[in-house]
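**Q** Just so it is clear, I am handing over my_file.pdb, which has PDB, C-alpha atoms, pLDDT in the B column.
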MODEL        1
ATOM      1  CA  MET A   9       0.090 -52.041  46.231  1.00 92.00           C
ATOM      2  CA  THR A  10       1.477 -48.714  47.306  1.00 93.00           C
ATOM      3  CA  GLY A  11       2.439 -45.580  45.399  1.00 93.00           C
ATOM      4  CA  TRP A  12       3.747 -42.205  46.566  1.00 95.00           C
ATOM      5  CA  LYS A  13       0.329 -40.816  47.565  1.00 97.00           C
ATOM      6  CA  VAL A  14      -2.043 -43.780  47.682  1.00 98.00           C
ATOM      7  CA  ARG A  15      -2.329 -47.438  48.399  1.00 97.00           C
ATOM      8  CA  LEU A  16      -4.606 -49.906  46.699  1.00 97.00           C
ATOM      9  CA  ARG A  17      -6.297 -52.231  49.145  1.00 96.00           C
ATOM     10  CA  THR A  18      -9.145 -54.705  49.376  1.00 94.00           C
ATOM     11  CA  ILE A  19     -12.564 -53.130  49.617  1.00 93.00           C
ATOM     12  CA  ARG A  20     -14.036 -53.499  53.094  1.00 92.00           C
ATOM     13  CA  PRO A  21     -17.760 -53.658  53.939  1.00 91.00           C
ATOM     14  CA  ALA A  22     -17.475 -50.215  55.567  1.00 90.00           C
ATOM     15  CA  ASP A  23     -16.349 -48.759  52.189  1.00 91.00           C
ATOM     16  CA  HIS A  24     -19.617 -49.537  50.412  1.00 87.00           C
ATOM     17  CA  ARG A  25     -21.475 -46.455  51.649  1.00 88.00           C
ATOM     18  CA  THR A  26     -18.649 -44.096  50.626  1.00 88.00           C
ATOM     19  CA  LEU A  27     -18.238 -45.754  47.229  1.00 86.00           C
ATOM     20  CA  ALA A  28     -21.995 -45.599  46.622  1.00 85.00           C
ATOM     21  CA  THR A  29     -21.859 -41.856  47.422  1.00 83.00           C
ATOM     22  CA  PHE A  30     -19.052 -41.420  44.880  1.00 80.00           C
ATOM     23  CA  ASP A  31     -21.150 -43.422  42.442  1.00 68.00           C
ATOM     24  CA  ARG A  32     -24.184 -41.136  42.842  1.00 67.00           C
ATOM     25  CA  ASP A  33     -22.022 -38.040  42.470  1.00 57.00           C
ATOM     26  CA  THR A  34     -20.601 -39.116  39.098  1.00 54.00           C
ATOM     27  CA  THR A  35     -22.249 -39.220  35.682  1.00 48.00           C
ATOM     28  CA  GLU A  36     -25.629 -40.620  34.785  1.00 45.00           C
ATOM     29  CA  ASP A  37     -23.860 -43.728  33.454  1.00 45.00           C
ATOM     30  CA  HIS A  38     -23.629 -45.110  36.981  1.00 43.00           C
ATOM     31  CA  LYS A  39     -26.422 -46.379  39.175  1.00 41.00           C
ATOM     32  CA  PRO A  40     -26.451 -45.945  42.964  1.00 39.00           C
ATOM     33  CA  GLY A  41     -25.077 -49.070  44.574  1.00 41.00           C
ATOM     34  CA  GLY A  42     -23.077 -49.988  41.498  1.00 43.00           C
ATOM     35  CA  TYR A  43     -19.863 -50.242  43.480  1.00 44.00           C
ATOM     36  CA  ARG A  44     -21.516 -52.511  46.038  1.00 42.00           C
ATOM     37  CA  HIS A  45     -22.845 -54.755  43.294  1.00 40.00           C
ATOM     38  CA  TRP A  46     -19.463 -54.865  41.579  1.00 42.00           C
ATOM     39  CA  ALA A  47     -17.557 -55.583  44.776  1.00 45.00           C
ATOM     40  CA  THR A  48     -19.838 -58.295  46.110  1.00 44.00           C
ATOM     41  CA  HIS A  49     -20.997 -60.106  42.982  1.00 41.00           C
ATOM     42  CA  ARG A  50     -17.758 -60.594  41.083  1.00 45.00           C
ATOM     43  CA  ASP A  51     -16.987 -64.270  40.629  1.00 47.00           C
ATOM     44  CA  ALA A  52     -14.126 -64.273  38.120  1.00 51.00           C
ATOM     45  CA  SER A  53     -11.129 -65.394  40.148  1.00 58.00           C
ATOM     46  CA  ASP A  54      -8.586 -63.230  38.343  1.00 71.00           C
ATOM     47  CA  ASP A  55     -10.690 -60.039  38.274  1.00 89.00           C
ATOM     48  CA  PHE A  56     -10.638 -57.719  41.251  1.00 92.00           C
ATOM     49  CA  HIS A  57     -11.813 -54.367  42.616  1.00 93.00           C
ATOM     50  CA  LEU A  58      -9.649 -52.288  44.935  1.00 95.00           C
ATOM     51  CA  ALA A  59     -10.140 -49.203  47.068  1.00 96.00           C
ATOM     52  CA  ILE A  60      -7.845 -46.209  46.517  1.00 97.00           C
ATOM     53  CA  GLU A  61      -6.865 -44.781  49.886  1.00 97.00           C
ATOM     54  CA  THR A  62      -4.518 -41.869  50.638  1.00 97.00           C
ATOM     55  CA  LEU A  63      -1.370 -42.723  52.560  1.00 96.00           C
ATOM     56  CA  ARG A  64      -1.383 -39.517  54.571  1.00 94.00           C
ATOM     57  CA  HIS A  65      -4.882 -39.567  56.087  1.00 94.00           C
ATOM     58  CA  ARG A  66      -6.159 -43.004  54.981  1.00 95.00           C
ATOM     59  CA  THR A  67      -9.028 -41.285  53.173  1.00 95.00           C
ATOM     60  CA  LEU A  68     -10.942 -43.335  50.629  1.00 96.00           C
ATOM     61  CA  VAL A  69     -10.759 -41.303  47.381  1.00 96.00           C
ATOM     62  CA  GLY A  70     -11.926 -43.796  44.752  1.00 94.00           C
ATOM     63  CA  SER A  71     -11.620 -47.307  43.408  1.00 94.00           C
ATOM     64  CA  ILE A  72     -10.094 -49.233  40.559  1.00 95.00           C
ATOM     65  CA  TRP A  73     -11.438 -52.433  39.046  1.00 93.00           C
ATOM     66  CA  VAL A  74      -9.297 -54.779  37.000  1.00 96.00           C
ATOM     67  CA  GLN A  75     -10.252 -57.395  34.427  1.00 96.00           C
ATOM     68  CA  THR A  76      -7.613 -59.891  33.391  1.00 96.00           C
ATOM     69  CA  ASP A  77      -7.050 -62.359  30.587  1.00 95.00           C
ATOM     70  CA  PRO A  78      -4.187 -64.537  31.853  1.00 94.00           C
ATOM     71  CA  ALA A  79      -4.288 -66.692  28.709  1.00 94.00           C
ATOM     72  CA  VAL A  80      -2.998 -63.795  26.576  1.00 95.00           C
ATOM     73  CA  GLY A  81      -1.192 -61.917  29.362  1.00 96.00           C
ATOM     74  CA  ALA A  82      -3.373 -58.814  29.103  1.00 97.00           C
ATOM     75  CA  PHE A  83      -5.514 -56.809  31.483  1.00 97.00           C
ATOM     76  CA  SER A  84      -7.664 -53.703  31.545  1.00 97.00           C
ATOM     77  CA  TYR A  85      -8.959 -51.444  34.260  1.00 96.00           C
ATOM     78  CA  GLY A  86     -11.431 -48.732  35.049  1.00 93.00           C
ATOM     79  CA  ILE A  87     -10.743 -46.096  37.662  1.00 93.00           C
ATOM     80  CA  GLY A  88     -13.035 -43.732  39.513  1.00 91.00           C
ATOM     81  CA  ILE A  89     -11.887 -40.857  41.696  1.00 92.00           C
ATOM     82  CA  ALA A  90     -14.486 -38.911  43.682  1.00 92.00           C
ATOM     83  CA  ALA A  91     -15.075 -35.422  42.283  1.00 90.00           C
ATOM     84  CA  GLN A  92     -13.714 -33.671  45.376  1.00 91.00           C
ATOM     85  CA  HIS A  93     -10.436 -35.636  45.118  1.00 94.00           C
ATOM     86  CA  ARG A  94      -9.695 -35.149  41.408  1.00 91.00           C
ATOM     87  CA  ARG A  95      -6.641 -33.227  40.176  1.00 92.00           C
ATOM     88  CA  CYS A  96      -4.630 -34.238  43.268  1.00 95.00           C
ATOM     89  CA  GLY A  97      -2.441 -36.871  41.586  1.00 95.00           C
ATOM     90  CA  TYR A  98      -4.295 -39.835  43.077  1.00 97.00           C
ATOM     91  CA  ALA A  99      -5.330 -41.397  39.767  1.00 96.00           C
ATOM     92  CA  ILE A 100      -1.871 -41.328  38.182  1.00 97.00           C
ATOM     93  CA  ASP A 101      -0.321 -42.718  41.372  1.00 97.00           C
ATOM     94  CA  ALA A 102      -2.915 -45.504  41.643  1.00 97.00           C
ATOM     95  CA  ILE A 103      -2.521 -46.457  37.975  1.00 98.00           C
ATOM     96  CA  THR A 104       1.278 -46.458  38.260  1.00 97.00           C
ATOM     97  CA  ALA A 105       1.108 -48.725  41.329  1.00 98.00           C
ATOM     98  CA  LEU A 106      -1.303 -51.052  39.506  1.00 98.00           C
ATOM     99  CA  LEU A 107       0.803 -51.204  36.316  1.00 98.00           C
ATOM    100  CA  THR A 108       3.958 -51.878  38.336  1.00 97.00           C
ATOM    101  CA  ASP A 109       2.280 -54.752  40.172  1.00 97.00           C
ATOM    102  CA  MET A 110       0.619 -56.257  37.106  1.00 97.00           C
ATOM    103  CA  PHE A 111       3.697 -56.067  34.861  1.00 97.00           C
ATOM    104  CA  GLU A 112       6.528 -56.721  37.318  1.00 96.00           C
ATOM    105  CA  ARG A 113       5.008 -58.992  39.961  1.00 95.00           C
ATOM    106  CA  ARG A 114       2.214 -60.786  38.087  1.00 96.00           C
ATOM    107  CA  GLY A 115       3.940 -61.019  34.692  1.00 96.00           C
ATOM    108  CA  TYR A 116       1.250 -59.517  32.453  1.00 97.00           C
ATOM    109  CA  ARG A 117       2.498 -58.215  29.102  1.00 98.00           C
ATOM    110  CA  GLU A 118      -0.087 -55.639  27.997  1.00 98.00           C
ATOM    111  CA  CYS A 119      -2.713 -53.292  29.384  1.00 98.00           C
ATOM    112  CA  VAL A 120      -5.552 -52.035  27.192  1.00 97.00           C
ATOM    113  CA  VAL A 121      -8.021 -49.381  28.367  1.00 97.00           C
ATOM    114  CA  SER A 122     -11.019 -47.634  26.863  1.00 93.00           C
ATOM    115  CA  VAL A 123     -11.301 -43.915  27.608  1.00 92.00           C
ATOM    116  CA  ASN A 124     -14.281 -41.720  26.769  1.00 88.00           C
ATOM    117  CA  GLY A 125     -13.127 -39.550  23.850  1.00 88.00           C
ATOM    118  CA  ARG A 126     -14.474 -36.427  25.559  1.00 85.00           C
ATOM    119  CA  ASN A 127     -12.576 -37.094  28.786  1.00 89.00           C
ATOM    120  CA  PHE A 128      -9.555 -34.965  27.924  1.00 92.00           C
ATOM    121  CA  PRO A 129      -7.983 -35.129  31.407  1.00 93.00           C
ATOM    122  CA  SER A 130      -8.018 -38.950  31.295  1.00 94.00           C
ATOM    123  CA  LEU A 131      -6.637 -39.020  27.756  1.00 95.00           C
ATOM    124  CA  ALA A 132      -3.811 -36.699  28.844  1.00 95.00           C
ATOM    125  CA  LEU A 133      -3.124 -38.738  31.990  1.00 96.00           C
ATOM    126  CA  HIS A 134      -2.830 -41.970  30.013  1.00 97.00           C
ATOM    127  CA  GLY A 135      -0.616 -40.275  27.430  1.00 96.00           C
ATOM    128  CA  GLU A 136       1.648 -39.066  30.239  1.00 96.00           C
ATOM    129  CA  LEU A 137       1.935 -42.631  31.518  1.00 96.00           C
ATOM    130  CA  GLY A 138       3.076 -43.829  28.078  1.00 96.00           C
ATOM    131  CA  PHE A 139      -0.164 -45.289  26.716  1.00 98.00           C
ATOM    132  CA  HIS A 140      -0.607 -44.880  22.987  1.00 97.00           C
ATOM    133  CA  GLU A 141      -3.833 -44.645  21.047  1.00 95.00           C
ATOM    134  CA  GLU A 142      -4.776 -47.789  19.172  1.00 94.00           C
ATOM    135  CA  SER A 143      -8.145 -46.845  17.736  1.00 91.00           C
ATOM    136  CA  ARG A 144     -11.309 -44.801  17.957  1.00 86.00           C
ATOM    137  CA  PRO A 145     -14.049 -47.266  17.059  1.00 82.00           C
ATOM    138  CA  ARG A 146     -16.852 -45.864  14.948  1.00 69.00           C
ATOM    139  CA  ASP A 147     -19.324 -47.482  17.301  1.00 60.00           C
ATOM    140  CA  ALA A 148     -20.384 -44.088  18.618  1.00 56.00           C
ATOM    141  CA  GLU A 149     -23.074 -43.978  21.276  1.00 59.00           C
ATOM    142  CA  LEU A 150     -25.774 -41.312  21.098  1.00 62.00           C
ATOM    143  CA  ARG A 151     -27.104 -40.201  24.464  1.00 64.00           C
ATOM    144  CA  HIS A 152     -29.149 -37.063  25.133  1.00 65.00           C
ATOM    145  CA  GLY A 153     -28.185 -35.617  21.736  1.00 61.00           C
ATOM    146  CA  GLU A 154     -24.466 -36.056  22.442  1.00 65.00           C
ATOM    147  CA  ILE A 155     -22.168 -38.471  20.628  1.00 62.00           C
ATOM    148  CA  ARG A 156     -19.749 -40.411  22.806  1.00 72.00           C
ATOM    149  CA  TYR A 157     -16.957 -42.547  21.467  1.00 82.00           C
ATOM    150  CA  PRO A 158     -14.277 -44.684  23.092  1.00 89.00           C
ATOM    151  CA  VAL A 159     -10.556 -44.204  22.565  1.00 93.00           C
ATOM    152  CA  ILE A 160      -8.722 -47.517  22.917  1.00 95.00           C
ATOM    153  CA  MET A 161      -5.272 -47.025  24.422  1.00 97.00           C
ATOM    154  CA  SER A 162      -2.597 -49.559  25.356  1.00 98.00           C
ATOM    155  CA  ILE A 163       0.808 -49.966  26.916  1.00 98.00           C
ATOM    156  CA  THR A 164       3.101 -52.972  27.078  1.00 98.00           C
ATOM    157  CA  ALA A 165       5.302 -54.031  29.963  1.00 97.00           C
ATOM    158  CA  GLY A 166       8.367 -52.966  27.959  1.00 97.00           C
ATOM    159  CA  GLN A 167       6.952 -49.537  27.185  1.00 97.00           C
ATOM    160  CA  PHE A 168       6.021 -49.011  30.827  1.00 96.00           C
ATOM    161  CA  SER A 169       9.457 -49.935  32.164  1.00 89.00           C
TER     162      SER A 169
ENDMDL
END
The structure in this file should be written as structure tokens.
**A**
Amino acid sequence: MTGWKVRLRTIRPADHRTLATFDRDTTEDHKPGGYRHWATHRDASDDFHLAIETLRHRTLVGSIWVQTDPAVGAFSYGIGIAAQHRRCGYAIDAITALLTDMFERRGYRECVVSVNGRNFPSLALHGELGFHEESRPRDAELRHGEIRYPVIMSITAGQFS
């Protein structure tokens, strides 16, 4: 899958060290080696994890993991861009390439994502792509004196096109 700035490709063994570094540099929610575990221990045939690589320099800037439910024609994803590569347009390009592939080539009908309610850049990015807010579950999580809550957002194939 290719966008204007990035391509999504299979994760290679050589990527594990870089992805683990990105993992350590992010929030406390992640554990070192989490990417390696995710990439090598996934057994669901329709779920996948892809590297996000720039077209210009072939630099690994992040990854995107996708969970699918073919029975209902829906999927979800999580995306991680390394801190030093954020605000460069890589996330929106990677998500657009993924949505195009999932809706147009694979025939999925809906994408549902959960965004941390305090992650304003991600909320804005998804709004720009056409996602709409479905709910803010009251199932708030308390961590280190801070309340975190998910914002459930979705987009259909028709809305995306």
**Q** Could you tell me how far CA of Asp55 (chain A) sits from CA of Asp23 (chain A), in Å to one decimal place?
**A**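 Straight-line distance from CA of Asp23 (chain A) to CA of Asp55 (chain A) works out to 18.8 Å.
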**Q** Once the PyMOL selection byres ((chain A and resi 133-141) around 12) is applied to the coordinates I shared, what remains selected? I want it as a PyMOL selection string.
**A** chain A and resi 87+95+97-105+107-108+118-125+127-132+142-145+158-169
**Q** Those same residues, written as a short mmCIF file (atom, residue, chain, number, x, y, z; two decimals), in the coordinates of the input with C-alpha atoms?
**A**
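Result file follows (out09.cif):
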data_model
loop_
_atom_site.label_atom_id
_atom_site.label_comp_id
_atom_site.auth_asym_id
_atom_site.auth_seq_id
_atom_site.Cartn_x
_atom_site.Cartn_y
_atom_site.Cartn_z
CA ILE A 87 -10.74 -46.10 37.66
CA ARG A 95 -6.64 -33.23 40.18
CA GLY A 97 -2.44 -36.87 41.59
CA TYR A 98 -4.30 -39.84 43.08
CA ALA A 99 -5.33 -41.40 39.77
CA ILE A 100 -1.87 -41.33 38.18
CA ASP A 101 -0.32 -42.72 41.37
CA ALA A 102 -2.92 -45.50 41.64
CA ILE A 103 -2.52 -46.46 37.98
CA THR A 104 1.28 -46.46 38.26
CA ALA A 105 1.11 -48.72 41.33
CA LEU A 107 0.80 -51.20 36.32
CA THR A 108 3.96 -51.88 38.34
CA GLU A 118 -0.09 -55.64 28.00
CA CYS A 119 -2.71 -53.29 29.38
CA VAL A 120 -5.55 -52.04 27.19
CA VAL A 121 -8.02 -49.38 28.37
CA SER A 122 -11.02 -47.63 26.86
CA VAL A 123 -11.30 -43.92 27.61
CA ASN A 124 -14.28 -41.72 26.77
CA GLY A 125 -13.13 -39.55 23.85
CA ASN A 127 -12.58 -37.09 28.79
CA PHE A 128 -9.56 -34.97 27.92
CA PRO A 129 -7.98 -35.13 31.41
CA SER A 130 -8.02 -38.95 31.30
CA LEU A 131 -6.64 -39.02 27.76
CA ALA A 132 -3.81 -36.70 28.84
CA GLU A 142 -4.78 -47.79 19.17
CA SER A 143 -8.14 -46.84 17.74
CA ARG A 144 -11.31 -44.80 17.96
CA PRO A 145 -14.05 -47.27 17.06
CA PRO A 158 -14.28 -44.68 23.09
CA VAL A 159 -10.56 -44.20 22.56
CA ILE A 160 -8.72 -47.52 22.92
CA MET A 161 -5.27 -47.02 24.42
CA SER A 162 -2.60 -49.56 25.36
CA ILE A 163 0.81 -49.97 26.92
CA THR A 164 3.10 -52.97 27.08
CA ALA A 165 5.30 -54.03 29.96
CA GLY A 166 8.37 -52.97 27.96
CA GLN A 167 6.95 -49.54 27.18
CA PHE A 168 6.02 -49.01 30.83
CA SER A 169 9.46 -49.94 32.16
#
**Q** Taking all atoms of region 60-69 of chain A that the file lists, what box with edges along x, y and z, padded by 6 Å per side, do you get, with centre and edge lengths in Å to one decimal, as AutoDock Vina command-line options?
**A**
--center_x -6.2 --center_y -42.9 --center_z 51.3 --size_x 21.6 --size_y 18.7 --size_z 21.6
**Q** For Gly88 (chain A), which of A:Met9, A:Ala22, A:Ile72, A:Ala59 is the closest residue, counting only C-alpha atoms?
**A**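 Closest residue, counting only C-alpha atoms: A:Ile72.
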**Q** Care to translate the PyMOL selection byres ((chain A and resi 74) around 10) into actual residues of this file, as a PyMOL selection string?
**A** chain A and resi 54-58+72-73+75-76+83-87+106
**Q** Store the residues picked out above in a file with C-alpha atoms, as a PDB file, in the coordinates of the input.
**A**
ATOM      1  CA  ASP A  54      -8.586 -63.230  38.343  1.00 71.00           C
ATOM      2  CA  ASP A  55     -10.690 -60.039  38.274  1.00 89.00           C
ATOM      3  CA  PHE A  56     -10.638 -57.719  41.251  1.00 92.00           C
ATOM      4  CA  HIS A  57     -11.813 -54.367  42.616  1.00 93.00           C
ATOM      5  CA  LEU A  58      -9.649 -52.288  44.935  1.00 95.00           C
ATOM      6  CA  ILE A  72     -10.094 -49.233  40.559  1.00 95.00           C
ATOM      7  CA  TRP A  73     -11.438 -52.433  39.046  1.00 93.00           C
ATOM      8  CA  GLN A  75     -10.252 -57.395  34.427  1.00 96.00           C
ATOM      9  CA  THR A  76      -7.613 -59.891  33.391  1.00 96.00           C
ATOM     10  CA  PHE A  83      -5.514 -56.809  31.483  1.00 97.00           C
ATOM     11  CA  SER A  84      -7.664 -53.703  31.545  1.00 97.00           C
ATOM     12  CA  TYR A  85      -8.959 -51.444  34.260  1.00 96.00           C
ATOM     13  CA  GLY A  86     -11.431 -48.732  35.049  1.00 93.00           C
ATOM     14  CA  ILE A  87     -10.743 -46.096  37.662  1.00 93.00           C
ATOM     15  CA  LEU A 106      -1.303 -51.052  39.506  1.00 98.00           C
TER      16      LEU A 106
END
**Q** Please measure the separation of CA of Arg156 (chain A) and CA of Ala90 (chain A), giving the value in Å to one decimal.
**A** 21.6 Å
**Q** When you count only C-alpha atoms, which of these residues is closest to Leu16 (chain A): A:Arg94, A:Arg117, A:Arg126, A:Arg66?
**A** A:Arg66
**Q** Hey, which of A:Thr29, A:Arg15, A:Gly115, A:Pro78 ends up closest to His65 (chain A)? Count all atoms listed in the file.
**A** A:Arg15
**Q** Expressed in Å to a single decimal, how great is the separation between CA of His24 (chain A) and CA of Gln92 (chain A)?
**A**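 These atoms are spaced 17.7 Å apart.
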**Q** Need the shell around Glu61 (chain A): protein/DNA/RNA residues with any atom at most 8 Å away, counting all atoms listed in the file. Skip same-chain ones fewer than 6 positions apart. Format as a ChimeraX atom specification?
**A** /A:14-17,67-70
**Q** Save out the residues we just selected, C-alpha atoms, as a PDB file, in the coordinates of the input.
**A**
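What follows is the written file again06.pdb:
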ATOM      1  CA  VAL A  14      -2.043 -43.780  47.682  1.00 98.00           C
ATOM      2  CA  ARG A  15      -2.329 -47.438  48.399  1.00 97.00           C
ATOM      3  CA  LEU A  16      -4.606 -49.906  46.699  1.00 97.00           C
ATOM      4  CA  ARG A  17      -6.297 -52.231  49.145  1.00 96.00           C
ATOM      5  CA  THR A  67      -9.028 -41.285  53.173  1.00 95.00           C
ATOM      6  CA  LEU A  68     -10.942 -43.335  50.629  1.00 96.00           C
ATOM      7  CA  VAL A  69     -10.759 -41.303  47.381  1.00 96.00           C
ATOM      8  CA  GLY A  70     -11.926 -43.796  44.752  1.00 94.00           C
TER       9      GLY A  70
END
**Q** Could you tell me which of A:Arg64, A:Gly11, A:Ala82, A:Ile89 comes closest to Thr26 (chain A) if we count all atoms listed in the file?
**A** A:Ile89
**Q** Under the rule that all atoms listed in the file are counted, which of A:Leu27, A:Gly81, A:Pro21, A:Thr10 is the nearest residue to Thr62 (chain A)?
**A**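 Looking only at the distances to Thr62 (chain A), the closest residue turns out to be A:Thr10.
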**Q** Is there a way to complete region 108-127 of chain A with N, CA and C atoms and then write that out as a CSV table (one decimal), keeping the file's coordinate frame?
**A**
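Output file rebuild32.csv follows:
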chain,number,residue,atom,x,y,z
A,108,THR,N,2.7,-51.3,37.8
A,108,THR,CA,4.0,-51.9,38.3
A,108,THR,C,3.7,-53.3,38.9
A,109,ASP,N,2.6,-53.4,39.6
A,109,ASP,CA,2.3,-54.8,40.2
A,109,ASP,C,1.9,-55.7,39.1
A,110,MET,N,1.1,-55.3,38.2
A,110,MET,CA,0.6,-56.3,37.1
A,110,MET,C,1.7,-56.7,36.2
A,111,PHE,N,2.6,-55.7,35.8
A,111,PHE,CA,3.7,-56.1,34.9
A,111,PHE,C,4.9,-56.8,35.6
A,112,GLU,N,5.3,-56.2,36.7
A,112,GLU,CA,6.5,-56.7,37.3
A,112,GLU,C,6.3,-57.9,38.2
A,113,ARG,N,5.2,-57.9,39.0
A,113,ARG,CA,5.0,-59.0,40.0
A,113,ARG,C,4.2,-60.1,39.4
A,114,ARG,N,3.1,-59.8,38.6
A,114,ARG,CA,2.2,-60.8,38.1
A,114,ARG,C,2.6,-61.2,36.7
A,115,GLY,N,3.5,-60.6,36.0
A,115,GLY,CA,3.9,-61.0,34.7
A,115,GLY,C,3.0,-60.8,33.5
A,116,TYR,N,2.1,-59.9,33.6
A,116,TYR,CA,1.2,-59.5,32.5
A,116,TYR,C,2.1,-58.8,31.4
A,117,ARG,N,1.7,-58.8,30.2
A,117,ARG,CA,2.5,-58.2,29.1
A,117,ARG,C,1.9,-57.0,28.5
A,118,GLU,N,0.6,-56.8,28.6
A,118,GLU,CA,-0.1,-55.6,28.0
A,118,GLU,C,-1.3,-55.2,28.8
A,119,CYS,N,-1.5,-53.9,28.8
A,119,CYS,CA,-2.7,-53.3,29.4
A,119,CYS,C,-3.4,-52.5,28.3
A,120,VAL,N,-4.7,-52.7,28.2
A,120,VAL,CA,-5.6,-52.0,27.2
A,120,VAL,C,-6.7,-51.4,27.9
A,121,VAL,N,-6.9,-50.1,27.7
A,121,VAL,CA,-8.0,-49.4,28.4
A,121,VAL,C,-8.9,-48.7,27.3
A,122,SER,N,-10.1,-48.4,27.7
A,122,SER,CA,-11.0,-47.6,26.9
A,122,SER,C,-11.3,-46.4,27.6
A,123,VAL,N,-11.1,-45.2,27.0
A,123,VAL,CA,-11.3,-43.9,27.6
A,123,VAL,C,-12.4,-43.2,26.8
A,124,ASN,N,-13.3,-42.5,27.5
A,124,ASN,CA,-14.3,-41.7,26.8
A,124,ASN,C,-13.5,-40.6,26.0
A,125,GLY,N,-13.8,-40.5,24.7
A,125,GLY,CA,-13.1,-39.6,23.8
A,125,GLY,C,-13.3,-38.1,24.3
A,126,ARG,N,-14.3,-37.8,25.1
A,126,ARG,CA,-14.5,-36.4,25.6
A,126,ARG,C,-13.8,-36.2,26.9
A,127,ASN,N,-13.2,-37.2,27.5
A,127,ASN,CA,-12.6,-37.1,28.8
A,127,ASN,C,-11.1,-36.7,28.6
